[in-house]
Structure formats: structure tokens, C-alpha cells
>>> print(open('my_file.cif').read())   # mmCIF, C-alpha atoms
data_work
#
loop_
_atom_site.label_atom_id
_atom_site.label_comp_id
_atom_site.auth_asym_id
_atom_site.auth_seq_id
_atom_site.Cartn_x
_atom_site.Cartn_y
_atom_site.Cartn_z
CA MET A 3 12.97 11.94 21.32
CA ALA A 4 12.55 10.33 24.73
CA ARG A 5 14.75 9.70 27.73
CA LEU A 6 14.83 6.00 28.54
CA ALA A 7 15.88 4.44 31.82
CA VAL A 8 17.08 0.85 31.42
CA LEU A 9 17.23 -1.06 34.69
CA GLY A 10 19.86 -3.73 34.16
CA ALA A 11 23.36 -3.48 32.68
CA GLY A 12 23.54 -7.06 31.47
CA SER A 13 23.32 -8.48 27.99
CA TRP A 14 19.69 -7.61 27.32
CA GLY A 15 19.85 -4.13 28.91
CA THR A 16 22.98 -3.22 26.97
CA ALA A 17 21.59 -4.43 23.64
CA PHE A 18 18.30 -2.61 24.24
CA ALA A 19 20.16 0.59 25.16
CA GLN A 20 22.11 0.39 21.89
CA ILE A 21 18.95 0.05 19.80
CA ALA A 22 17.12 2.82 21.68
CA ALA A 23 20.07 5.20 21.35
CA ASP A 24 20.45 4.43 17.64
CA ALA A 25 16.79 5.48 17.28
CA GLY A 26 17.70 8.91 18.66
CA ASN A 27 16.83 8.51 22.33
CA ASP A 28 18.88 9.50 25.36
CA VAL A 29 19.49 6.36 27.41
CA VAL A 30 20.70 5.88 30.96
CA ILE A 31 21.39 2.40 32.34
CA TRP A 32 21.22 1.35 35.97
CA GLY A 33 23.67 -1.31 37.06
CA ARG A 34 25.04 -2.71 40.32
CA ASP A 35 28.62 -3.27 39.20
CA GLU A 36 30.65 -0.05 39.53
CA PHE A 37 33.30 -1.22 37.03
CA ILE A 38 30.71 -1.92 34.32
CA VAL A 39 28.86 1.33 35.02
CA GLU A 40 32.08 3.37 34.78
CA SER A 41 33.07 1.61 31.57
CA ILE A 42 29.68 2.29 29.97
CA THR A 43 29.81 5.97 30.96
CA ASN A 44 33.47 6.67 30.18
CA GLU A 45 34.35 4.26 27.37
CA HIS A 46 30.84 3.46 26.04
CA VAL A 47 31.55 -0.26 26.27
CA ASN A 48 30.15 -2.97 28.53
CA PRO A 49 33.22 -5.19 29.07
CA ALA A 50 31.27 -8.04 30.67
CA PHE A 51 28.44 -8.23 28.12
CA HIS A 52 28.95 -7.27 24.46
CA PRO A 53 32.59 -6.11 24.83
CA GLY A 54 32.85 -5.53 21.07
CA LEU A 55 29.81 -3.25 20.96
CA LYS A 56 30.57 0.49 21.02
CA LEU A 57 27.63 2.30 22.61
CA PRO A 58 26.63 5.78 21.40
CA THR A 59 27.72 8.77 23.47
CA SER A 60 24.07 9.36 24.38
CA VAL A 61 24.25 6.23 26.60
CA TRP A 62 25.59 6.51 30.14
CA ALA A 63 25.14 4.56 33.35
CA SER A 64 24.84 4.94 37.11
CA THR A 65 24.63 2.74 40.20
CA ASN A 66 22.11 5.17 41.69
CA VAL A 67 18.61 4.10 40.66
CA ALA A 68 17.08 7.47 41.62
CA THR A 69 19.47 9.24 39.25
CA VAL A 70 18.60 6.82 36.46
CA LEU A 71 14.84 7.20 36.93
CA ARG A 72 14.86 11.00 37.28
CA GLY A 73 13.29 12.55 34.18
CA ALA A 74 12.71 9.23 32.42
CA ASP A 75 9.87 9.12 29.91
CA ILE A 76 10.10 5.33 29.60
CA VAL A 77 11.43 2.73 32.04
CA VAL A 78 12.59 -0.67 30.77
CA LEU A 79 13.10 -3.53 33.22
CA ALA A 80 15.97 -5.67 31.88
CA ILE A 81 16.71 -7.69 35.02
CA PRO A 82 16.36 -11.49 35.04
CA ALA A 83 13.38 -12.65 37.09
CA GLN A 84 15.56 -14.84 39.31
CA VAL A 85 17.47 -11.74 40.47
CA LEU A 86 14.38 -9.71 41.44
#
>>> encode(input="my_file.cif", output="C-alpha cells")
Amino acid sequence: MARLAVLGAGSWGTAFAQIAADAGNDVVIWGRDEFIVESITNEHVNPAFHPGLKLPTSVWASTNVATVLRGADIVVLAIPAQVL
């Protein structure tokens, strides 16, 4: 399968990462909030958005956008337009 980079660790990015991982893809999420990023990577949960959703172990996150984009086959922009 593919490696997906999801830019945005909010509601939409987290839900998309779940679906992509369930389809057999490796998914890495970029986020700005260190607490959320650590929770996604270590506990596979986004406590701020979808706290009841357990993400697959193939999903991890980083605050370093270069790390997230490295080796990505597909990049998904999941950032609200007003934040860009």
C-alpha cells in the first residue's frame, strides 16, 4: 500500500487517517500541538478530536513537517482554510 502524509491533526485529519490506515496504508499526521502529536504516536488517540477513536498502530504523528512529508506517496491537506 501507500504511505500517506496528512497535514492537520484536527477532526478531519484524524478521521481521514483512520480510514486510510484501515485500508492498509501507513499514515503519518503533521500537527502543531505537541501534546496531541505525542498522544497520537504513543497512545493512538487524539484527545482533542475524536477521543473515543482508537487509531491503528500504523498511524503516528510529528510536529516536523519535513519528517511527515519524507517518503510520502500521497499528501492530504486537512487544514481549515482560515488557518492557512
>>> atom_distance(input="my_file.cif", atom1="CA of Asn66 in chain A", atom2="CA of Glu40 in chain A")
12.3 Å
>>> resolve_selection(input="my_file.cif", expression="the PyMOL selection byres ((chain A and resi 7-23) around 9)", output="JSON, numbers by chain")
{"A": [5, 6, 24, 25, 26, 27, 28, 29, 30, 31, 32, 33, 34, 35, 38, 39, 42, 48, 50, 51, 52, 55, 56, 57, 58, 59, 60, 61, 63, 67, 70, 71, 72, 73, 74, 75, 76, 77, 78, 79, 80, 81, 82]}
>>> atom_distance(input="my_file.cif", atom1="CA of Asn44 in chain A", atom2="CA of Trp62 in chain A")
7.9 Å
>>> axis_aligned_box(input="my_file.cif", around="range 68-84 of chain A", padding_each_side="3 Å", output="lines of an AutoDock Vina configuration file")
center_x = 14.7
center_y = -1.1
center_z = 35.6
size_x = 15.6
size_y = 33.4
size_z = 18.0
